[in-house]
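**Q** Just passing along the structure, written as structure tokens.
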Amino acid sequence: MADRQMRSILSLVRGRSGDVHDSPERSMDPRADDQPLPPRSHVIDNAIYVNGCRDVTPESLPEAFEFLKKTPDSMAWIGFYRPEDAVILNVAEEFDLHELAVEDAIVAHQRPKADRYGDTLFVVLRPARYIDETEEVDFGELHVFVGHNFVITVRHSEAPDLSQARRRMEGDPELLAQGPQAVLYAILDAVVDGYAPVVAGLQNDIDEIEVQVFGNQPSVSRRIYELSREVIEFQRATQPLLEMIEGLIAGAAKYGVDQEVQRHLRDVADHAITVVERVGGFRQMLHDILVVNSTMVAQAQNEHMTDLTEASNAQNEEVKKISAWAAILFAPTLVGTIYGMNFDVMPEIHWSFGYPFAVLLMAAVCTTLYVVFKRRDWL
């Protein structure tokens, strides 16, 4: 690739400040800057295959490039893990990779997709792994360049472990002899198979959440929300796979893909459909669980308010009884207080019926108040 194209790629990737974080893909994800980046390394594995068998393992990239040029019908499969920009640019120049694909491989934070630039296919995958210790899903990113005689993989995360896919393909030389498209199938299969433990982990989390919801545990709402975010992210990683694989199968005849490889791709598509359907079901289940939890919380609040209302009503009844008896007892106290004053000029004091009159008056007032309060249900 010409120096002008290399400078164009660097300018697209780095922006004005020279920092990769200025790219729109990263700026739209504020959580990206909070994640610690693992140390960078270069080549994970570098092999040249002839007729489905590993022919040589070059010690350097220039050696691999040279051997690939000199050996007809050979295929290079080079794997990188978070390589330096210069390494990707070197590979891009050697294999004449399109500058937009190279930009995506350097920047990362791409959605799953498959773009074709001339004879080169550029595939972005979002592998995932379930972390049991934290009960979280860790999403990665894998870029794959597929040409007529090479496969370049650029991993930006721990998952997936492509060494297992490589060993599997090396154990099946007949399939590996089908070339880069067979390697792409193996990579797709490794990514989709890696979703199975994630699906099982999410299913287990949902089962635990259901128990928490019906156990009225207060922290369950937060866990539902956090798990919903992971399921949505998982859906974004898996949903585009169906269209991607279907496109590869539809264009298989045009690009000379072997029938056996097509059958394997259809098997991967079946597995991907299962994963996508399960993830869609998880999202609906979490929505239903959230509705049930909200209903139960509202019901519990209503029951609590009902209990408070009943307690308040009972308290009011007690206050009314106390007030009624206080009024009844206050009447004789008032009469006794009046006639207990030390005055000589009081007609009732020297009246022979004064005492019975006072007692009857107190009794009459108390009886009247009792009847009134009784009729009003205060007693």
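Numbering starts fresh at 1 for the residues of each chain in the structure tokens, the chains themselves are lettered A, B, ... in the order given, and ligands are numbered from 1 as they appear.
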Taking 4 positions as the minimum chain separation for residues in the same chain, which residues sit within 10 Å of Val297 of chain A when counting only C-alpha atoms? Answer as a ChimeraX atom specification.

**A** /A:213,216,218,221,291-293,301-303

**Q** Output the selection as a short mmCIF file (atom, residue, chain, number, x, y, z; two decimals), in the first residue's frame - all heavy atoms for each residue.

**A**
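Saved to out_24.cif:
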data_model
loop_
_atom_site.label_atom_id
_atom_site.label_comp_id
_atom_site.auth_asym_id
_atom_site.auth_seq_id
_atom_site.Cartn_x
_atom_site.Cartn_y
_atom_site.Cartn_z
N VAL A 213 -37.17 -12.55 43.17
CA VAL A 213 -38.39 -11.75 43.00
C VAL A 213 -39.50 -12.27 43.90
O VAL A 213 -40.16 -11.50 44.63
CB VAL A 213 -38.83 -11.75 41.53
CG1 VAL A 213 -40.26 -11.20 41.38
CG2 VAL A 213 -37.89 -10.89 40.68
N ASN A 216 -39.13 -11.64 47.60
CA ASN A 216 -39.23 -10.25 48.04
C ASN A 216 -37.90 -9.69 48.52
O ASN A 216 -37.83 -8.97 49.54
CB ASN A 216 -40.29 -10.11 49.15
CG ASN A 216 -41.69 -10.42 48.65
OD1 ASN A 216 -42.03 -10.08 47.53
ND2 ASN A 216 -42.48 -11.08 49.48
N PRO A 218 -35.00 -7.07 48.35
CA PRO A 218 -35.00 -5.68 47.88
C PRO A 218 -33.98 -5.38 46.80
O PRO A 218 -34.15 -4.45 46.02
CB PRO A 218 -34.71 -4.87 49.15
CG PRO A 218 -34.01 -5.83 50.06
CD PRO A 218 -34.59 -7.18 49.76
N SER A 221 -34.19 -5.64 42.01
CA SER A 221 -34.46 -4.68 40.93
C SER A 221 -33.15 -4.25 40.25
O SER A 221 -33.07 -4.16 39.02
CB SER A 221 -35.20 -3.46 41.46
OG SER A 221 -36.46 -3.82 41.98
N VAL A 291 -41.79 -6.55 35.21
CA VAL A 291 -43.20 -6.18 35.40
C VAL A 291 -43.76 -6.85 36.65
O VAL A 291 -44.44 -6.22 37.47
CB VAL A 291 -44.03 -6.56 34.16
CG1 VAL A 291 -45.52 -6.36 34.43
CG2 VAL A 291 -43.61 -5.72 32.95
N VAL A 292 -43.45 -8.15 36.79
CA VAL A 292 -43.93 -8.88 37.98
C VAL A 292 -43.34 -8.27 39.25
O VAL A 292 -44.05 -8.08 40.25
CB VAL A 292 -43.56 -10.37 37.87
CG1 VAL A 292 -43.86 -11.09 39.19
CG2 VAL A 292 -44.33 -11.03 36.74
N ASN A 293 -42.05 -7.96 39.21
CA ASN A 293 -41.41 -7.37 40.39
C ASN A 293 -42.02 -6.02 40.73
O ASN A 293 -42.27 -5.72 41.91
CB ASN A 293 -39.91 -7.21 40.13
CG ASN A 293 -39.18 -6.66 41.33
OD1 ASN A 293 -39.13 -7.28 42.38
ND2 ASN A 293 -38.60 -5.48 41.19
N GLN A 301 -46.34 -2.24 48.79
CA GLN A 301 -46.54 -0.87 49.25
C GLN A 301 -48.00 -0.62 49.61
O GLN A 301 -48.29 0.05 50.63
CB GLN A 301 -46.08 0.11 48.18
CG GLN A 301 -44.56 0.12 47.96
CD GLN A 301 -44.15 1.04 46.84
OE1 GLN A 301 -44.97 1.44 46.01
NE2 GLN A 301 -42.87 1.37 46.79
N ASN A 302 -48.92 -1.15 48.79
CA ASN A 302 -50.34 -0.99 49.10
C ASN A 302 -50.72 -1.68 50.41
O ASN A 302 -51.49 -1.14 51.21
CB ASN A 302 -51.19 -1.55 47.95
CG ASN A 302 -51.08 -0.71 46.69
OD1 ASN A 302 -50.76 0.48 46.75
ND2 ASN A 302 -51.34 -1.31 45.55
N GLU A 303 -50.16 -2.88 50.60
CA GLU A 303 -50.45 -3.59 51.85
C GLU A 303 -49.88 -2.82 53.04
O GLU A 303 -50.51 -2.75 54.11
CB GLU A 303 -49.85 -4.99 51.79
CG GLU A 303 -50.54 -5.91 50.78
CD GLU A 303 -49.87 -7.26 50.68
OE1 GLU A 303 -48.80 -7.42 51.31
OE2 GLU A 303 -50.41 -8.14 49.99
#

**Q** Run DSSP on the backbone and grab whatever in segment 55-177 of chain A lands in strand (DSSP E or B); send it over as a PyMOL selection string.

**A** chain A and resi 55-56+74-81+113-117+120-125+128-131+136-139+142-146+150-155

**Q** Suppose we keep N, CA and C atoms; can you now write the selection as a short mmCIF file (atom, residue, chain, number, x, y, z; two decimals), in the first residue's frame?

**A**
data_model
loop_
_atom_site.label_atom_id
_atom_site.label_comp_id
_atom_site.auth_asym_id
_atom_site.auth_seq_id
_atom_site.Cartn_x
_atom_site.Cartn_y
_atom_site.Cartn_z
N ASP A 55 3.17 -26.25 6.74
CA ASP A 55 4.42 -26.50 6.02
C ASP A 55 5.61 -25.85 6.72
N VAL A 56 5.41 -24.65 7.23
CA VAL A 56 6.49 -23.94 7.88
C VAL A 56 5.91 -22.95 8.87
N SER A 74 -0.07 -21.97 -1.50
CA SER A 74 0.11 -21.94 -0.04
C SER A 74 -0.85 -20.91 0.57
N MET A 75 -1.04 -21.03 1.88
CA MET A 75 -1.95 -20.12 2.59
C MET A 75 -1.31 -19.71 3.90
N ALA A 76 -1.36 -18.43 4.19
CA ALA A 76 -0.84 -17.91 5.46
C ALA A 76 -1.99 -17.68 6.42
N TRP A 77 -1.78 -18.13 7.65
CA TRP A 77 -2.75 -17.87 8.74
C TRP A 77 -1.96 -17.24 9.87
N ILE A 78 -2.14 -15.94 10.01
CA ILE A 78 -1.37 -15.16 10.98
C ILE A 78 -2.33 -14.59 12.02
N GLY A 79 -2.05 -14.84 13.28
CA GLY A 79 -2.90 -14.35 14.35
C GLY A 79 -2.20 -13.31 15.20
N PHE A 80 -2.88 -12.18 15.43
CA PHE A 80 -2.35 -11.10 16.26
C PHE A 80 -3.23 -10.90 17.48
N TYR A 81 -2.60 -10.44 18.55
CA TYR A 81 -3.35 -10.04 19.74
C TYR A 81 -2.95 -8.62 20.11
N LYS A 113 -19.99 -7.27 11.58
CA LYS A 113 -20.28 -7.00 10.17
C LYS A 113 -19.35 -7.81 9.30
N ALA A 114 -19.67 -7.84 8.00
CA ALA A 114 -18.82 -8.47 6.98
C ALA A 114 -18.82 -7.55 5.77
N ASP A 115 -17.68 -6.96 5.45
CA ASP A 115 -17.52 -6.06 4.32
C ASP A 115 -16.52 -6.65 3.35
N ARG A 116 -16.82 -6.54 2.08
CA ARG A 116 -15.90 -7.04 1.06
C ARG A 116 -15.27 -5.87 0.32
N TYR A 117 -13.95 -5.89 0.27
CA TYR A 117 -13.17 -4.89 -0.45
C TYR A 117 -12.38 -5.62 -1.54
N THR A 120 -10.79 -9.16 -0.94
CA THR A 120 -10.57 -9.35 0.50
C THR A 120 -11.87 -9.16 1.27
N LEU A 121 -12.15 -10.09 2.15
CA LEU A 121 -13.33 -10.02 3.02
C LEU A 121 -12.88 -9.60 4.41
N PHE A 122 -13.55 -8.59 4.95
CA PHE A 122 -13.23 -8.10 6.30
C PHE A 122 -14.42 -8.39 7.19
N VAL A 123 -14.17 -9.15 8.26
CA VAL A 123 -15.23 -9.61 9.16
C VAL A 123 -14.93 -9.12 10.57
N VAL A 124 -15.95 -8.58 11.22
CA VAL A 124 -15.85 -8.17 12.62
C VAL A 124 -16.79 -9.04 13.44
N LEU A 125 -16.27 -9.64 14.49
CA LEU A 125 -17.05 -10.50 15.37
C LEU A 125 -16.94 -10.01 16.81
N ALA A 128 -17.81 -13.52 23.21
CA ALA A 128 -18.21 -13.24 24.60
C ALA A 128 -17.82 -14.42 25.46
N ARG A 129 -17.63 -14.14 26.73
CA ARG A 129 -17.36 -15.19 27.71
C ARG A 129 -18.05 -14.83 29.02
N TYR A 130 -18.51 -15.86 29.74
CA TYR A 130 -19.20 -15.65 31.01
C TYR A 130 -18.21 -15.82 32.15
N ILE A 131 -18.14 -14.82 33.01
CA ILE A 131 -17.23 -14.84 34.15
C ILE A 131 -18.02 -15.27 35.38
N GLU A 136 -20.82 -11.94 35.30
CA GLU A 136 -20.91 -10.92 34.26
C GLU A 136 -20.48 -11.51 32.93
N VAL A 137 -20.87 -10.81 31.85
CA VAL A 137 -20.49 -11.22 30.50
C VAL A 137 -19.42 -10.26 30.00
N ASP A 138 -18.31 -10.81 29.58
CA ASP A 138 -17.20 -10.02 29.05
C ASP A 138 -17.22 -10.12 27.53
N PHE A 139 -17.41 -8.98 26.86
CA PHE A 139 -17.49 -8.95 25.40
C PHE A 139 -16.15 -8.52 24.81
N LEU A 142 -13.07 -9.26 17.58
CA LEU A 142 -12.16 -10.00 16.71
C LEU A 142 -12.35 -9.52 15.28
N HIS A 143 -11.25 -9.16 14.63
CA HIS A 143 -11.26 -8.74 13.24
C HIS A 143 -10.57 -9.79 12.40
N VAL A 144 -11.16 -10.13 11.25
CA VAL A 144 -10.61 -11.17 10.38
C VAL A 144 -10.53 -10.63 8.95
N PHE A 145 -9.32 -10.72 8.37
CA PHE A 145 -9.10 -10.40 6.95
C PHE A 145 -8.94 -11.72 6.20
N VAL A 146 -9.78 -11.94 5.20
CA VAL A 146 -9.75 -13.18 4.43
C VAL A 146 -9.47 -12.85 2.97
N PHE A 150 -4.62 -15.96 2.25
CA PHE A 150 -4.23 -15.57 3.61
C PHE A 150 -5.45 -15.34 4.49
N VAL A 151 -5.23 -15.52 5.79
CA VAL A 151 -6.21 -15.18 6.82
C VAL A 151 -5.45 -14.45 7.91
N ILE A 152 -5.88 -13.23 8.20
CA ILE A 152 -5.26 -12.41 9.25
C ILE A 152 -6.30 -12.18 10.34
N THR A 153 -5.99 -12.56 11.56
CA THR A 153 -6.91 -12.32 12.68
C THR A 153 -6.28 -11.32 13.64
N VAL A 154 -7.07 -10.37 14.05
CA VAL A 154 -6.63 -9.34 14.99
C VAL A 154 -7.58 -9.38 16.19
N ARG A 155 -7.07 -9.87 17.31
CA ARG A 155 -7.88 -9.95 18.53
C ARG A 155 -7.62 -8.75 19.41
#

**Q** Got a sec: who's within 6 Å of segment 246-261 of chain A, counting only C-alpha atoms, leaving out chain neighbours fewer than 3 positions off, as a list in words?

**A**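 Residues near the query, excluding close chain neighbours: Ala182, Glu243 and His264 of chain A.
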
**Q** Those residues you just picked out, can you put them in a file as a PDB file, in the first residue's frame with N, CA and C atoms?

**A**
ATOM      1  N   ALA A 182     -12.442 -21.955   4.644  1.00  0.00           N
ATOM      2  CA  ALA A 182     -12.568 -22.983   5.673  1.00  0.00           C
ATOM      3  C   ALA A 182     -12.075 -22.454   7.016  1.00  0.00           C
ATOM      4  N   GLU A 243     -27.498 -12.529   9.526  1.00  0.00           N
ATOM      5  CA  GLU A 243     -27.410 -11.904   8.214  1.00  0.00           C
ATOM      6  C   GLU A 243     -26.017 -12.081   7.615  1.00  0.00           C
ATOM      7  N   HIS A 264     -20.841 -26.673   6.430  1.00  0.00           N
ATOM      8  CA  HIS A 264     -20.383 -26.294   7.762  1.00  0.00           C
ATOM      9  C   HIS A 264     -20.880 -24.900   8.142  1.00  0.00           C
TER      10      HIS A 264
END

**Q** Using only C-alpha atoms, which protein or nucleic acid residues come within 10 Å of Ser163 of chain A? Drop anything in the same chain fewer than 4 positions from it, and give the result as a short mmCIF file (atom, residue, chain, number, x, y, z; two decimals) with all heavy atoms, in the first residue's frame.

**A**
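Output contents, as saved in result_12.cif:
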data_model
loop_
_atom_site.label_atom_id
_atom_site.label_comp_id
_atom_site.auth_asym_id
_atom_site.auth_seq_id
_atom_site.Cartn_x
_atom_site.Cartn_y
_atom_site.Cartn_z
N ILE A 44 0.69 -14.01 17.61
CA ILE A 44 0.36 -15.13 18.47
C ILE A 44 0.76 -16.44 17.78
O ILE A 44 1.34 -17.32 18.39
CB ILE A 44 -1.14 -15.14 18.80
CG1 ILE A 44 -1.51 -13.87 19.55
CG2 ILE A 44 -1.50 -16.37 19.64
CD1 ILE A 44 -0.79 -13.67 20.84
N ASP A 45 0.44 -16.55 16.52
CA ASP A 45 0.83 -17.72 15.73
C ASP A 45 0.99 -17.28 14.28
O ASP A 45 0.24 -16.45 13.78
CB ASP A 45 -0.20 -18.84 15.84
CG ASP A 45 0.39 -20.20 15.52
OD1 ASP A 45 1.50 -20.24 14.94
OD2 ASP A 45 -0.24 -21.22 15.84
N GLY A 79 -2.05 -14.84 13.28
CA GLY A 79 -2.90 -14.35 14.35
C GLY A 79 -2.20 -13.31 15.20
O GLY A 79 -1.06 -13.51 15.62
N ARG A 167 -5.86 -25.77 16.04
CA ARG A 167 -5.53 -27.18 16.24
C ARG A 167 -6.60 -28.08 15.63
O ARG A 167 -6.30 -29.14 15.07
CB ARG A 167 -5.38 -27.48 17.73
CG ARG A 167 -4.11 -26.91 18.35
CD ARG A 167 -3.86 -27.51 19.73
NE ARG A 167 -4.93 -27.15 20.66
CZ ARG A 167 -4.89 -26.08 21.45
NH1 ARG A 167 -3.86 -25.25 21.39
NH2 ARG A 167 -5.88 -25.84 22.29
N ARG A 168 -7.85 -27.64 15.75
CA ARG A 168 -8.94 -28.43 15.17
C ARG A 168 -8.80 -28.52 13.65
O ARG A 168 -8.96 -29.60 13.06
CB ARG A 168 -10.28 -27.81 15.55
CG ARG A 168 -11.47 -28.44 14.84
CD ARG A 168 -12.71 -27.60 15.00
NE ARG A 168 -13.79 -28.07 14.16
CZ ARG A 168 -14.90 -27.38 13.93
NH1 ARG A 168 -15.06 -26.18 14.48
NH2 ARG A 168 -15.83 -27.87 13.15
N MET A 169 -8.51 -27.39 13.01
CA MET A 169 -8.36 -27.38 11.56
C MET A 169 -7.11 -28.14 11.13
O MET A 169 -7.13 -28.85 10.10
CB MET A 169 -8.30 -25.94 11.06
CG MET A 169 -9.59 -25.18 11.23
SD MET A 169 -10.99 -25.93 10.36
CE MET A 169 -10.51 -25.62 8.65
#

**Q** Quick one: pick out all alpha helix (DSSP H) residues within segment 50-128 of chain A from a backbone DSSP run and write them as a PyMOL selection string.

**A** chain A and resi 61-70+85-95+99-107

**Q** Deliver the residues from the most recent selection as a file, using C-alpha atoms, as a PDB file, in the first residue's frame.

**A**
ATOM      1  CA  LEU A  61       6.416 -11.562   9.343  1.00  0.00           C
ATOM      2  CA  PRO A  62       8.838 -10.696   6.512  1.00  0.00           C
ATOM      3  CA  GLU A  63       9.848 -14.353   6.371  1.00  0.00           C
ATOM      4  CA  ALA A  64       6.201 -15.385   6.137  1.00  0.00           C
ATOM      5  CA  PHE A  65       5.559 -12.849   3.377  1.00  0.00           C
ATOM      6  CA  GLU A  66       8.561 -14.083   1.415  1.00  0.00           C
ATOM      7  CA  PHE A  67       7.675 -17.748   1.803  1.00  0.00           C
ATOM      8  CA  LEU A  68       4.071 -17.075   0.730  1.00  0.00           C
ATOM      9  CA  LYS A  69       5.281 -15.410  -2.472  1.00  0.00           C
ATOM     10  CA  LYS A  70       7.652 -18.219  -3.358  1.00  0.00           C
ATOM     11  CA  ASP A  85      -0.469   0.124  14.760  1.00  0.00           C
ATOM     12  CA  ALA A  86       2.768  -0.224  12.831  1.00  0.00           C
ATOM     13  CA  VAL A  87       2.373  -4.014  12.696  1.00  0.00           C
ATOM     14  CA  ILE A  88      -1.122  -3.754  11.223  1.00  0.00           C
ATOM     15  CA  LEU A  89       0.064  -1.143   8.734  1.00  0.00           C
ATOM     16  CA  ASN A  90       2.908  -3.436   7.683  1.00  0.00           C
ATOM     17  CA  VAL A  91       0.495  -6.305   7.074  1.00  0.00           C
ATOM     18  CA  ALA A  92      -1.917  -3.981   5.288  1.00  0.00           C
ATOM     19  CA  GLU A  93       0.818  -2.862   2.917  1.00  0.00           C
ATOM     20  CA  GLU A  94       1.914  -6.427   2.194  1.00  0.00           C
ATOM     21  CA  PHE A  95      -1.582  -7.763   1.466  1.00  0.00           C
ATOM     22  CA  GLU A  99      -7.648   1.600   4.276  1.00  0.00           C
ATOM     23  CA  LEU A 100     -11.175   1.644   5.763  1.00  0.00           C
ATOM     24  CA  ALA A 101     -10.830  -1.965   6.929  1.00  0.00           C
ATOM     25  CA  VAL A 102      -7.397  -1.196   8.369  1.00  0.00           C
ATOM     26  CA  GLU A 103      -8.835   1.822  10.168  1.00  0.00           C
ATOM     27  CA  ASP A 104     -11.547  -0.351  11.747  1.00  0.00           C
ATOM     28  CA  ALA A 105      -8.974  -2.939  12.818  1.00  0.00           C
ATOM     29  CA  ILE A 106      -6.863  -0.289  14.539  1.00  0.00           C
ATOM     30  CA  VAL A 107      -9.684   1.668  16.154  1.00  0.00           C
TER      31      VAL A 107
END

**Q** Go ahead and compute the interatomic distance for atom CA of Arg222 of chain A and atom CA of Gln239 of chain A, in Å to one decimal.

**A**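 According to the coordinates, atom CA of Arg222 of chain A and atom CA of Gln239 of chain A are separated by 25.6 Å.
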
**Q** Calculated over only C-alpha atoms, which of the candidates A:Ala314, A:Val231, A:Ala326, A:Ala190 has the smallest distance to Met285 of chain A?

**A**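 The shortest atom-to-atom distance to Met285 of chain A comes from A:Val231.
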